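*Asks:* Have a look at this one.
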Amino acid sequence: MFNISRRNFIKGAAATAMLGSTGLPVLAAGEKLKVGVIHMGAISDTGWEYFQAQAWRALQAQYPDQVEVTVLENIAQIQDCERLFRQLSTQGHKLLFGTTFSQYASLKKLAPTLPNSHFESCAGIDSSENLGVFEGKHHEGTYLTGIAAGRMTKSNVLGWVGAFPVPQVIYSLNAFLLGARSVNPEVVLKVVWANAWVDPAKEKDAVAALVSQGADVISGSPNTPVQGLAAEEKGIWSIGSTGDFSAYVKKGQLVSFELDWSAAHIEAAKAVLEGTWAPTNRWRGLGEGGFVKMTSSSPDLPASVAAEMATAEAAIIAGTLNPFAGPIKDQAGVERVAAGAVLPDNDIKGMTWLVEGVQGTLPSA
Amino acid sequence: MSIRFELRAQPSRTMVWLSPIIAITLTCCVAMVIFALAGLEPVSALATFIFSPLADLYSVGELLIKAAPLVLIAVGLAVGFRAGVWNVGGEGQLILGVIFGGFIALTFGPTGGVWVLPVMVVGGAIGGAIWAGIPAFLRTHFNASEILTSLMLNYVAQLWLSYLIFGPWRDPAGFNFPQSAPLAPSALFPTLIDGTRANASILIALVAVGLGWALMSKSFVGFQLKVTGLSEGAAKYAGFSAKRAVWIGMLAGGVAAGIAGVGEIAGPLGQIFPTASPGYGYAAIIVAFLGRLNPIGILFSGLLMSLLYLSGDVAQMSLGLPSSITGLFQGTLLFFLLTADVLIHYRLRATSAAGAPKGAANGL
């Protein structure tokens, strides 16, 4: 069994750096690269699974003659995903994509026993010999949407519907408030947990609770248009966080950003085709080849705010602006990041604390 | 000429066993029609659908570990069904097995020795029995329908499991994802065949088939249960306790489902998720009826049901059909089975359209 810990994470990262390009299998000349993808849920029109699907669709479009993609969806049981990855591998799929952190443990177990395949896990802890991981810097997107929220709020109260208190969600909502406070220091952020990635009823209740507490701009982590629709009904703004819901939320969606894994899929396939694949731990945000893309913005968004967001975006891409640059205090007022310092990547990836100004707690374990 | 149903003097023993075969054959026909409509060559697609999950040793192992919990639970439920005790709470009882077994695994697994796994199995059995005991108690004391109470308790069990995984049992190193820490090796079933996931829990299912057969076919208790199921009045007259039948019927299902729950976390899962049960508690009801409530029949129907699950994945992987095909075929199979079961009690008789059929004069 493996053990996920910070120490192992660092060990794995170091080992990866040393290994470099290892003697992994190479395709025969003229052989088509078979790629396998396993979705936990159904591919829909928007949300997490949709972005995963967009990635392999982009891969197919990029290499129509060299790559063949086998897609399995609705594999909700972890018991099944291990078997199916193994079957795909023994059927000659040389590149396999996991689409969620829940599959990572299975991939970790499987990868050493299937040396003929390259594995790529979307979300995961560390890479190993034939297992790479990739994840998006969601916080770069939420920081920018936070700027819009901070400018548009009248009550100076923002709301966040949390899916699960995983670091990915925690650093997203922290950066959302930091972005808002960068333009409006008076802002506070109220958090309500839905304890589900998708649960329309709970999401709707959460929005109602946030509105009754004075929030007038809502963002959140479940990947559905429900929060946006509920907010629109209440006459307040919502933000498409990891999903552009403007097709559903026709008036109330202020700005949105999406996750774009195309680069992860295309780069991995290219490397396998060229025989240069090596395990990597890719964590990317905005910019060319990045995993986070700003998408729509409402016509009601003032040009000055849009310009402010664009400036910040350019600064993040250029590396001159880091959403987690100090000074940052946590909820208890303890300084977590000193002035002039930035929070190291691994501390962001494992974040378990909320920044000052967030009102709400993490559901305790 | 018309066809009508005529009541048989006695239920047909041949049809009892022929009806599943008719149902399977008809399901295959429907499958071929669906394949043809999807633009596939029906016969070869059906062959892929049925045989590719059995292509190698690993796949056979997968078939067995999926069939094992289905067979185990179905045998347990069949004991109750025969006595007219409708335990539809297998799912909840399985989850209680996960909770009790999981508690032992998480508490003692990291430090404990070889005794951990047997204790988990016993714990799971107790958990399932407690959960099945509640509807049994309500039925025997308040005459509450066990169908409703056992079904409702499924949801309660699911919420308890969610609470534990989202709360106290969440893996501290799991980045707050709703899953427990991986179970220690001492809390896992040993693998039976190298290179597969087939583990010792399969043996438990086989033992259950043997025990179930002995109980139902060879023991006096089995006879009493059967009489109670056929006619409660007759059972009462013979001095057989209906309450006792309820308790035995419910607890057999609970114990079996609880152990099956342990088999999932200590087997293919190796970790506890809020979604630990893939719905085996419900699927086992179909398995029990498909197997004619007979342990040997259940062994075969469990394998068939397991094959259907695996074929559904094949349908996606090799045939390009959506995964919902599994549910479609399971439903079709049950539909044809229930339809074909009519022939156990009735026979088809062709009569000539001209003039009144002779049978009608006899007043059916």
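Residue numbers start at 1 in each chain; chains themselves are named A, B, ... in the order of the structure tokens; ligands are numbered from 1 in the order shown.
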Please report as a PyMOL selection string which residues of chain A come no farther than 10 Å from chain B, using only C-alpha atoms.
*Replies:* chain A and resi 1-6+36+42+70-80+82-84+86-88+101-102+105-106+113+124-125+164-168+195-196+349-352+363-365
*Asks:* If you keep N, CA and C atoms, can you produce a file of those selected residues as a compact mmCIF listing (two decimals), in the first residue's frame?
*Replies:*
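Written file, again_4.txt:
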# COMPACT_ATOMS: atom_id res chain seq x y z
N MET A 1 0.85 -1.19 0.00
CA MET A 1 0.00 0.00 0.00
C MET A 1 0.89 1.24 0.00
N PHE A 2 0.35 2.29 -0.54
CA PHE A 2 1.14 3.51 -0.54
C PHE A 2 0.59 4.44 0.52
N ASN A 3 1.35 5.43 0.77
CA ASN A 3 0.99 6.32 1.85
C ASN A 3 1.15 7.75 1.35
N ILE A 4 0.07 8.50 1.37
CA ILE A 4 0.14 9.87 0.88
C ILE A 4 0.61 10.77 2.01
N SER A 5 1.73 11.36 1.88
CA SER A 5 2.16 12.31 2.90
C SER A 5 3.02 13.36 2.23
N ARG A 6 3.20 14.45 2.89
CA ARG A 6 4.02 15.51 2.36
C ARG A 6 5.41 14.97 2.04
N GLY A 36 -6.67 5.80 -23.72
CA GLY A 36 -7.88 5.44 -22.96
C GLY A 36 -8.20 6.49 -21.92
N ALA A 42 -21.13 10.98 -16.08
CA ALA A 42 -21.55 11.07 -17.46
C ALA A 42 -21.00 12.37 -18.05
N THR A 70 -10.23 5.75 -26.77
CA THR A 70 -11.32 4.94 -26.22
C THR A 70 -11.80 5.61 -24.95
N VAL A 71 -13.10 5.90 -24.90
CA VAL A 71 -13.63 6.63 -23.75
C VAL A 71 -14.66 5.78 -23.02
N LEU A 72 -14.52 5.69 -21.71
CA LEU A 72 -15.52 5.02 -20.89
C LEU A 72 -16.11 6.06 -19.96
N GLU A 73 -17.42 6.15 -19.92
CA GLU A 73 -18.03 7.10 -18.98
C GLU A 73 -18.94 6.38 -18.00
N ASN A 74 -19.32 7.10 -16.94
CA ASN A 74 -20.19 6.52 -15.91
C ASN A 74 -19.56 5.37 -15.17
N ILE A 75 -18.28 5.41 -14.96
CA ILE A 75 -17.62 4.36 -14.18
C ILE A 75 -17.53 4.90 -12.75
N ALA A 76 -18.66 4.82 -12.05
CA ALA A 76 -18.76 5.48 -10.76
C ALA A 76 -18.05 4.70 -9.66
N GLN A 77 -17.92 3.39 -9.83
CA GLN A 77 -17.35 2.59 -8.76
C GLN A 77 -15.84 2.47 -8.90
N ILE A 78 -15.15 2.77 -7.80
CA ILE A 78 -13.69 2.67 -7.82
C ILE A 78 -13.28 1.20 -8.04
N GLN A 79 -14.11 0.26 -7.56
CA GLN A 79 -13.82 -1.17 -7.77
C GLN A 79 -13.62 -1.45 -9.26
N ASP A 80 -14.43 -0.79 -10.09
CA ASP A 80 -14.42 -1.07 -11.52
C ASP A 80 -13.27 -0.39 -12.23
N GLU A 82 -10.20 0.12 -11.54
CA GLU A 82 -8.92 -0.59 -11.59
C GLU A 82 -8.94 -1.65 -12.70
N ARG A 83 -10.03 -2.41 -12.74
CA ARG A 83 -10.14 -3.46 -13.77
C ARG A 83 -10.10 -2.85 -15.17
N LEU A 84 -10.84 -1.74 -15.34
CA LEU A 84 -10.96 -1.18 -16.68
C LEU A 84 -9.65 -0.57 -17.17
N ARG A 86 -6.80 -1.64 -16.33
CA ARG A 86 -5.95 -2.78 -16.66
C ARG A 86 -6.34 -3.35 -18.02
N GLN A 87 -7.64 -3.46 -18.26
CA GLN A 87 -8.08 -4.02 -19.54
C GLN A 87 -7.65 -3.12 -20.70
N LEU A 88 -7.82 -1.82 -20.51
CA LEU A 88 -7.41 -0.89 -21.57
C LEU A 88 -5.92 -1.07 -21.85
N PHE A 101 -9.32 12.80 -8.78
CA PHE A 101 -8.46 12.40 -7.68
C PHE A 101 -8.87 11.04 -7.12
N SER A 102 -10.17 10.72 -7.18
CA SER A 102 -10.63 9.45 -6.63
C SER A 102 -10.01 8.26 -7.36
N ALA A 105 -5.62 6.80 -6.47
CA ALA A 105 -5.12 5.68 -5.65
C ALA A 105 -5.05 4.40 -6.48
N SER A 106 -6.06 4.17 -7.31
CA SER A 106 -6.05 2.98 -8.17
C SER A 106 -4.90 3.05 -9.16
N THR A 113 2.45 -2.17 -12.11
CA THR A 113 2.19 -3.51 -12.63
C THR A 113 1.93 -3.49 -14.14
N GLY A 124 -3.75 14.53 -8.36
CA GLY A 124 -2.99 13.44 -7.76
C GLY A 124 -1.91 14.02 -6.88
N ILE A 125 -1.20 13.17 -6.18
CA ILE A 125 -0.20 13.70 -5.24
C ILE A 125 1.17 13.76 -5.90
N PHE A 164 -16.44 20.35 -1.40
CA PHE A 164 -15.80 19.66 -0.29
C PHE A 164 -14.61 20.49 0.15
N PRO A 165 -14.24 20.40 1.42
CA PRO A 165 -13.11 21.20 1.88
C PRO A 165 -11.76 20.61 1.48
N VAL A 166 -11.59 20.28 0.21
CA VAL A 166 -10.30 19.79 -0.27
C VAL A 166 -9.42 21.01 -0.57
N PRO A 167 -8.10 20.86 -0.54
CA PRO A 167 -7.22 22.01 -0.74
C PRO A 167 -7.55 22.80 -2.00
N GLN A 168 -7.86 22.07 -3.09
CA GLN A 168 -8.24 22.69 -4.36
C GLN A 168 -9.36 23.73 -4.17
N ASN A 195 -21.18 19.91 0.59
CA ASN A 195 -20.70 18.53 0.73
C ASN A 195 -21.12 17.65 -0.44
N ALA A 196 -21.01 18.19 -1.63
CA ALA A 196 -21.29 17.42 -2.84
C ALA A 196 -20.65 18.15 -4.01
N LYS A 349 -0.94 23.65 -2.50
CA LYS A 349 -1.58 22.38 -2.87
C LYS A 349 -2.14 21.63 -1.67
N GLY A 350 -1.57 21.87 -0.49
CA GLY A 350 -2.05 21.15 0.69
C GLY A 350 -2.77 22.07 1.66
N MET A 351 -3.31 23.18 1.15
CA MET A 351 -3.86 24.22 2.02
C MET A 351 -5.04 23.73 2.86
N THR A 352 -4.97 23.99 4.16
CA THR A 352 -6.07 23.58 5.05
C THR A 352 -6.53 24.74 5.94
N PRO A 363 -15.58 22.20 7.58
CA PRO A 363 -16.22 21.10 8.31
C PRO A 363 -15.12 20.26 8.94
N SER A 364 -15.19 20.07 10.24
CA SER A 364 -14.06 19.43 10.92
C SER A 364 -14.09 17.92 10.71
N ALA A 365 -12.90 17.36 10.68
CA ALA A 365 -12.78 15.92 10.48
C ALA A 365 -12.87 15.20 11.81
*Asks:* What gap, in Å, lies between atom CA of Ile3 of chain B and atom CA of Phe336 of chain B?
*Replies:*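 Here the two named atoms are 18.8 Å from each other.
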*Asks:* Just how far from atom CA of Ala271 of chain A is atom CA of Leu131 of chain A, in Å to one decimal?
*Replies:*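 If I compute the distance from atom CA of Leu131 of chain A to atom CA of Ala271 of chain A, I get 13.5 Å.
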*Asks:* Quick check for you: according to DSSP on this backbone, which residues of segment 86-222 of chain A are classed as strand (DSSP E or B)? Reply as a PyMOL selection string.
*Replies:* chain A and resi 95-98+118-122+128+131-136+157-162+188-193+217-220
*Asks:* Nearest to Leu96 of chain A among A:Val35, A:Ala58, A:Leu189, A:Ala332, with distances taken over only C-alpha atoms: which residue is it?
*Replies:*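 Using only C-alpha atoms, the shortest distance to Leu96 of chain A belongs to A:Val35.
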*Asks:* Name the residues in contact with Val249 of chain A at a cut-off of 6 Å, using only C-alpha atoms, excluding same-chain residues fewer than 4 positions from it; report them as a list in words.
*Replies:*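 That gives Gly228, Leu229, Phe245 and Gln253 of chain A.
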*Asks:* Need the shell around Val114 of chain B: protein/DNA/RNA residues with any atom at most 12 Å away, counting only C-alpha atoms. Skip same-chain ones fewer than 2 positions apart. Format as a PyMOL selection string?
*Replies:* chain B and resi 105+108-112+116-120+184-190
*Asks:* Report as a PDB file with all heavy atoms, in the first residue's frame: the residues of segment 200-229 of chain B with a DSSP assignment of alpha helix (DSSP H), based on the backbone of this structure.
*Replies:*
ATOM      1  N   SER B 201     -12.726 -14.104  -0.379  1.00  0.00           N
ATOM      2  CA  SER B 201     -14.150 -13.874  -0.099  1.00  0.00           C
ATOM      3  C   SER B 201     -15.033 -14.743  -1.003  1.00  0.00           C
ATOM      4  O   SER B 201     -16.194 -15.000  -0.686  1.00  0.00           O
ATOM      5  CB  SER B 201     -14.497 -12.397  -0.279  1.00  0.00           C
ATOM      6  OG  SER B 201     -14.370 -12.024  -1.631  1.00  0.00           O
ATOM      7  N   ILE B 202     -14.467 -15.194  -2.136  1.00  0.00           N
ATOM      8  CA  ILE B 202     -15.216 -16.087  -3.022  1.00  0.00           C
ATOM      9  C   ILE B 202     -15.554 -17.380  -2.298  1.00  0.00           C
ATOM     10  O   ILE B 202     -16.641 -17.941  -2.453  1.00  0.00           O
ATOM     11  CB  ILE B 202     -14.374 -16.381  -4.287  1.00  0.00           C
ATOM     12  CG1 ILE B 202     -14.207 -15.085  -5.089  1.00  0.00           C
ATOM     13  CG2 ILE B 202     -14.993 -17.470  -5.139  1.00  0.00           C
ATOM     14  CD1 ILE B 202     -13.140 -15.181  -6.142  1.00  0.00           C
ATOM     15  N   LEU B 203     -14.611 -17.848  -1.459  1.00  0.00           N
ATOM     16  CA  LEU B 203     -14.845 -19.100  -0.726  1.00  0.00           C
ATOM     17  C   LEU B 203     -16.020 -18.946   0.229  1.00  0.00           C
ATOM     18  O   LEU B 203     -16.809 -19.872   0.420  1.00  0.00           O
ATOM     19  CB  LEU B 203     -13.580 -19.499   0.041  1.00  0.00           C
ATOM     20  CG  LEU B 203     -12.334 -19.676  -0.840  1.00  0.00           C
ATOM     21  CD1 LEU B 203     -11.114 -20.008   0.010  1.00  0.00           C
ATOM     22  CD2 LEU B 203     -12.574 -20.775  -1.877  1.00  0.00           C
ATOM     23  N   ILE B 204     -16.124 -17.742   0.835  1.00  0.00           N
ATOM     24  CA  ILE B 204     -17.248 -17.511   1.755  1.00  0.00           C
ATOM     25  C   ILE B 204     -18.569 -17.674   1.011  1.00  0.00           C
ATOM     26  O   ILE B 204     -19.512 -18.291   1.517  1.00  0.00           O
ATOM     27  CB  ILE B 204     -17.151 -16.110   2.391  1.00  0.00           C
ATOM     28  CG1 ILE B 204     -15.880 -16.021   3.242  1.00  0.00           C
ATOM     29  CG2 ILE B 204     -18.388 -15.796   3.222  1.00  0.00           C
ATOM     30  CD1 ILE B 204     -15.698 -14.705   3.958  1.00  0.00           C
ATOM     31  N   ALA B 205     -18.623 -17.137  -0.208  1.00  0.00           N
ATOM     32  CA  ALA B 205     -19.854 -17.245  -0.997  1.00  0.00           C
ATOM     33  C   ALA B 205     -20.168 -18.712  -1.280  1.00  0.00           C
ATOM     34  O   ALA B 205     -21.332 -19.133  -1.197  1.00  0.00           O
ATOM     35  CB  ALA B 205     -19.724 -16.465  -2.295  1.00  0.00           C
ATOM     36  N   LEU B 206     -19.143 -19.485  -1.582  1.00  0.00           N
ATOM     37  CA  LEU B 206     -19.366 -20.911  -1.861  1.00  0.00           C
ATOM     38  C   LEU B 206     -19.863 -21.639  -0.616  1.00  0.00           C
ATOM     39  O   LEU B 206     -20.772 -22.471  -0.688  1.00  0.00           O
ATOM     40  CB  LEU B 206     -18.071 -21.561  -2.366  1.00  0.00           C
ATOM     41  CG  LEU B 206     -17.685 -21.194  -3.805  1.00  0.00           C
ATOM     42  CD1 LEU B 206     -16.349 -21.810  -4.176  1.00  0.00           C
ATOM     43  CD2 LEU B 206     -18.764 -21.646  -4.781  1.00  0.00           C
ATOM     44  N   VAL B 207     -19.276 -21.304   0.532  1.00  0.00           N
ATOM     45  CA  VAL B 207     -19.737 -21.903   1.787  1.00  0.00           C
ATOM     46  C   VAL B 207     -21.198 -21.544   2.023  1.00  0.00           C
ATOM     47  O   VAL B 207     -22.011 -22.390   2.424  1.00  0.00           O
ATOM     48  CB  VAL B 207     -18.851 -21.437   2.972  1.00  0.00           C
ATOM     49  CG1 VAL B 207     -19.465 -21.849   4.298  1.00  0.00           C
ATOM     50  CG2 VAL B 207     -17.447 -22.000   2.831  1.00  0.00           C
ATOM     51  N   ALA B 208     -21.543 -20.288   1.734  1.00  0.00           N
ATOM     52  CA  ALA B 208     -22.925 -19.844   1.926  1.00  0.00           C
ATOM     53  C   ALA B 208     -23.882 -20.650   1.053  1.00  0.00           C
ATOM     54  O   ALA B 208     -24.988 -21.002   1.488  1.00  0.00           O
ATOM     55  CB  ALA B 208     -23.052 -18.352   1.615  1.00  0.00           C
ATOM     56  N   VAL B 209     -23.454 -20.936  -0.177  1.00  0.00           N
ATOM     57  CA  VAL B 209     -24.306 -21.737  -1.061  1.00  0.00           C
ATOM     58  C   VAL B 209     -24.547 -23.111  -0.429  1.00  0.00           C
ATOM     59  O   VAL B 209     -25.678 -23.596  -0.366  1.00  0.00           O
ATOM     60  CB  VAL B 209     -23.655 -21.882  -2.462  1.00  0.00           C
ATOM     61  CG1 VAL B 209     -24.380 -22.920  -3.294  1.00  0.00           C
ATOM     62  CG2 VAL B 209     -23.655 -20.542  -3.176  1.00  0.00           C
ATOM     63  N   GLY B 210     -23.466 -23.719   0.089  1.00  0.00           N
ATOM     64  CA  GLY B 210     -23.583 -25.035   0.728  1.00  0.00           C
ATOM     65  C   GLY B 210     -24.502 -24.987   1.938  1.00  0.00           C
ATOM     66  O   GLY B 210     -25.423 -25.803   2.083  1.00  0.00           O
ATOM     67  N   LEU B 211     -24.278 -23.985   2.790  1.00  0.00           N
ATOM     68  CA  LEU B 211     -25.091 -23.852   4.002  1.00  0.00           C
ATOM     69  C   LEU B 211     -26.548 -23.599   3.643  1.00  0.00           C
ATOM     70  O   LEU B 211     -27.460 -24.200   4.225  1.00  0.00           O
ATOM     71  CB  LEU B 211     -24.578 -22.693   4.861  1.00  0.00           C
ATOM     72  CG  LEU B 211     -23.321 -22.946   5.697  1.00  0.00           C
ATOM     73  CD1 LEU B 211     -22.934 -21.671   6.446  1.00  0.00           C
ATOM     74  CD2 LEU B 211     -23.581 -24.087   6.690  1.00  0.00           C
ATOM     75  N   GLY B 212     -26.747 -22.701   2.682  1.00  0.00           N
ATOM     76  CA  GLY B 212     -28.104 -22.358   2.262  1.00  0.00           C
ATOM     77  C   GLY B 212     -28.830 -23.588   1.734  1.00  0.00           C
ATOM     78  O   GLY B 212     -29.996 -23.831   2.060  1.00  0.00           O
ATOM     79  N   TRP B 213     -28.113 -24.385   0.956  1.00  0.00           N
ATOM     80  CA  TRP B 213     -28.717 -25.592   0.389  1.00  0.00           C
ATOM     81  C   TRP B 213     -29.089 -26.559   1.513  1.00  0.00           C
ATOM     82  O   TRP B 213     -30.206 -27.080   1.552  1.00  0.00           O
ATOM     83  CB  TRP B 213     -27.742 -26.257  -0.585  1.00  0.00           C
ATOM     84  CG  TRP B 213     -28.270 -27.524  -1.161  1.00  0.00           C
ATOM     85  CD1 TRP B 213     -29.201 -27.647  -2.150  1.00  0.00           C
ATOM     86  CD2 TRP B 213     -27.927 -28.846  -0.759  1.00  0.00           C
ATOM     87  NE1 TRP B 213     -29.459 -28.958  -2.395  1.00  0.00           N
ATOM     88  CE2 TRP B 213     -28.685 -29.729  -1.559  1.00  0.00           C
ATOM     89  CE3 TRP B 213     -27.048 -29.376   0.194  1.00  0.00           C
ATOM     90  CZ2 TRP B 213     -28.599 -31.113  -1.428  1.00  0.00           C
ATOM     91  CZ3 TRP B 213     -26.951 -30.755   0.323  1.00  0.00           C
ATOM     92  CH2 TRP B 213     -27.715 -31.611  -0.485  1.00  0.00           C
ATOM     93  N   PHE B 220     -35.103 -29.354   9.059  1.00  0.00           N
ATOM     94  CA  PHE B 220     -36.494 -29.177   9.472  1.00  0.00           C
ATOM     95  C   PHE B 220     -36.856 -27.693   9.480  1.00  0.00           C
ATOM     96  O   PHE B 220     -37.961 -27.305   9.077  1.00  0.00           O
ATOM     97  CB  PHE B 220     -36.684 -29.806  10.854  1.00  0.00           C
ATOM     98  CG  PHE B 220     -38.111 -29.765  11.325  1.00  0.00           C
ATOM     99  CD1 PHE B 220     -39.149 -30.187  10.489  1.00  0.00           C
ATOM    100  CD2 PHE B 220     -38.425 -29.314  12.599  1.00  0.00           C
ATOM    101  CE1 PHE B 220     -40.460 -30.154  10.924  1.00  0.00           C
ATOM    102  CE2 PHE B 220     -39.743 -29.268  13.024  1.00  0.00           C
ATOM    103  CZ  PHE B 220     -40.764 -29.689  12.196  1.00  0.00           C
ATOM    104  N   VAL B 221     -35.889 -26.874   9.909  1.00  0.00           N
ATOM    105  CA  VAL B 221     -36.132 -25.428   9.924  1.00  0.00           C
ATOM    106  C   VAL B 221     -36.484 -24.945   8.509  1.00  0.00           C
ATOM    107  O   VAL B 221     -37.406 -24.158   8.316  1.00  0.00           O
ATOM    108  CB  VAL B 221     -34.883 -24.680  10.458  1.00  0.00           C
ATOM    109  CG1 VAL B 221     -35.081 -23.171  10.344  1.00  0.00           C
ATOM    110  CG2 VAL B 221     -34.604 -25.062  11.889  1.00  0.00           C
ATOM    111  N   GLY B 222     -35.730 -25.461   7.532  1.00  0.00           N
ATOM    112  CA  GLY B 222     -35.988 -25.085   6.145  1.00  0.00           C
ATOM    113  C   GLY B 222     -37.396 -25.445   5.726  1.00  0.00           C
ATOM    114  O   GLY B 222     -38.087 -24.678   5.062  1.00  0.00           O
ATOM    115  N   PHE B 223     -37.825 -26.609   6.146  1.00  0.00           N
ATOM    116  CA  PHE B 223     -39.186 -27.059   5.836  1.00  0.00           C
ATOM    117  C   PHE B 223     -40.220 -26.136   6.480  1.00  0.00           C
ATOM    118  O   PHE B 223     -41.190 -25.711   5.839  1.00  0.00           O
ATOM    119  CB  PHE B 223     -39.358 -28.500   6.323  1.00  0.00           C
ATOM    120  CG  PHE B 223     -40.748 -29.022   6.138  1.00  0.00           C
ATOM    121  CD1 PHE B 223     -41.238 -29.310   4.857  1.00  0.00           C
ATOM    122  CD2 PHE B 223     -41.594 -29.219   7.231  1.00  0.00           C
ATOM    123  CE1 PHE B 223     -42.519 -29.785   4.685  1.00  0.00           C
ATOM    124  CE2 PHE B 223     -42.880 -29.692   7.057  1.00  0.00           C
ATOM    125  CZ  PHE B 223     -43.347 -29.977   5.786  1.00  0.00           C
ATOM    126  N   GLN B 224     -39.961 -25.805   7.755  1.00  0.00           N
ATOM    127  CA  GLN B 224     -40.892 -24.907   8.460  1.00  0.00           C
ATOM    128  C   GLN B 224     -40.995 -23.559   7.742  1.00  0.00           C
ATOM    129  O   GLN B 224     -42.075 -23.007   7.573  1.00  0.00           O
ATOM    130  CB  GLN B 224     -40.400 -24.667   9.898  1.00  0.00           C
ATOM    131  CG  GLN B 224     -40.571 -25.880  10.790  1.00  0.00           C
ATOM    132  CD  GLN B 224     -40.010 -25.623  12.170  1.00  0.00           C
ATOM    133  OE1 GLN B 224     -38.956 -25.029  12.323  1.00  0.00           O
ATOM    134  NE2 GLN B 224     -40.711 -26.091  13.191  1.00  0.00           N
ATOM    135  N   LEU B 225     -39.818 -23.035   7.310  1.00  0.00           N
ATOM    136  CA  LEU B 225     -39.813 -21.743   6.620  1.00  0.00           C
ATOM    137  C   LEU B 225     -40.637 -21.827   5.346  1.00  0.00           C
ATOM    138  O   LEU B 225     -41.430 -20.942   5.030  1.00  0.00           O
ATOM    139  CB  LEU B 225     -38.376 -21.326   6.281  1.00  0.00           C
ATOM    140  CG  LEU B 225     -37.475 -20.941   7.452  1.00  0.00           C
ATOM    141  CD1 LEU B 225     -36.051 -20.687   6.968  1.00  0.00           C
ATOM    142  CD2 LEU B 225     -38.002 -19.695   8.162  1.00  0.00           C
ATOM    143  N   LYS B 226     -40.448 -22.935   4.626  1.00  0.00           N
ATOM    144  CA  LYS B 226     -41.132 -23.099   3.351  1.00  0.00           C
ATOM    145  C   LYS B 226     -42.648 -23.157   3.567  1.00  0.00           C
ATOM    146  O   LYS B 226     -43.423 -22.506   2.850  1.00  0.00           O
ATOM    147  CB  LYS B 226     -40.643 -24.385   2.701  1.00  0.00           C
ATOM    148  CG  LYS B 226     -40.820 -24.418   1.204  1.00  0.00           C
ATOM    149  CD  LYS B 226     -40.097 -25.626   0.648  1.00  0.00           C
ATOM    150  CE  LYS B 226     -40.616 -26.011  -0.716  1.00  0.00           C
ATOM    151  NZ  LYS B 226     -39.997 -27.257  -1.186  1.00  0.00           N
ATOM    152  N   VAL B 227     -43.055 -23.915   4.575  1.00  0.00           N
ATOM    153  CA  VAL B 227     -44.487 -24.024   4.871  1.00  0.00           C
ATOM    154  C   VAL B 227     -45.042 -22.655   5.249  1.00  0.00           C
ATOM    155  O   VAL B 227     -46.110 -22.247   4.774  1.00  0.00           O
ATOM    156  CB  VAL B 227     -44.733 -25.046   6.009  1.00  0.00           C
ATOM    157  CG1 VAL B 227     -46.194 -25.010   6.446  1.00  0.00           C
ATOM    158  CG2 VAL B 227     -44.331 -26.434   5.557  1.00  0.00           C
ATOM    159  N   THR B 228     -44.287 -21.926   6.073  1.00  0.00           N
ATOM    160  CA  THR B 228     -44.733 -20.593   6.476  1.00  0.00           C
ATOM    161  C   THR B 228     -44.912 -19.703   5.258  1.00  0.00           C
ATOM    162  O   THR B 228     -45.869 -18.937   5.158  1.00  0.00           O
ATOM    163  CB  THR B 228     -43.706 -19.958   7.432  1.00  0.00           C
ATOM    164  OG1 THR B 228     -43.385 -20.904   8.439  1.00  0.00           O
ATOM    165  CG2 THR B 228     -44.274 -18.709   8.076  1.00  0.00           C
ATOM    166  N   GLY B 229     -43.974 -19.815   4.318  1.00  0.00           N
ATOM    167  CA  GLY B 229     -44.044 -18.992   3.116  1.00  0.00           C
ATOM    168  C   GLY B 229     -45.234 -19.355   2.259  1.00  0.00           C
ATOM    169  O   GLY B 229     -45.887 -18.489   1.680  1.00  0.00           O
TER     170      GLY B 229
END
*Asks:* Write out as a list in words each polymer residue whose atoms come within 8 Å of segment 204-210 of chain A, counting only C-alpha atoms; drop sequence neighbours fewer than 6 positions from it.
*Replies:* Gly159, Trp160, Val161, Lys190, Val191, Val192, Trp193, Ala194, Ile218, Val226, Gln227, Ala230 and Ala231 of chain A
*Asks:* Figure out the distance between atom CA of Ile272 of chain B and atom CA of Ser180 of chain B, please, to one decimal in Å.
*Replies:*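 Taking atom CA of Ser180 of chain B as the start and atom CA of Ile272 of chain B as the end point, the length is 5.2 Å.
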*Asks:* Using only C-alpha atoms, pick whichever of A:Val358, A:Met309, A:Val169, A:Ile328 has the shortest atom-to-atom distance to Val157 of chain A.
*Replies:*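 When distances to Val157 of chain A are compared using only C-alpha atoms, the smallest one comes from A:Val358.
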*Asks:* May I ask which of the residues A:Arg57, A:Lys154, A:Lys202, A:His139 is the closest one to Leu178 of chain A, counting only C-alpha atoms?
*Replies:*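 Among the listed residues, the smallest separation from Leu178 of chain A belongs to A:His139.
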*Asks:* Fewer than 2 positions away in the same chain doesn't count, so skip those; otherwise give me all residues within 7 Å of segment 85-88 of chain B, counting only C-alpha atoms, as a list in words.
*Replies:*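 Non-adjacent residues within range: Leu77, Gly80, Phe81, Ala83, Gly90, Glu146, Ile147, Ser150, Leu151, Val246, Gly249 and Met250 of chain B.
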*Asks:* Identify, on the basis of only C-alpha atoms, every residue whose closest approach to segment 312-326 of chain A does not exceed 9 Å; exclude the query and any residue fewer than 2 positions from it along the same chain; express the result as a ChimeraX atom specification.
*Replies:* /A:139-141,143-144,147,174-175,178-179,285-288,307-310,328-329,335-344,348
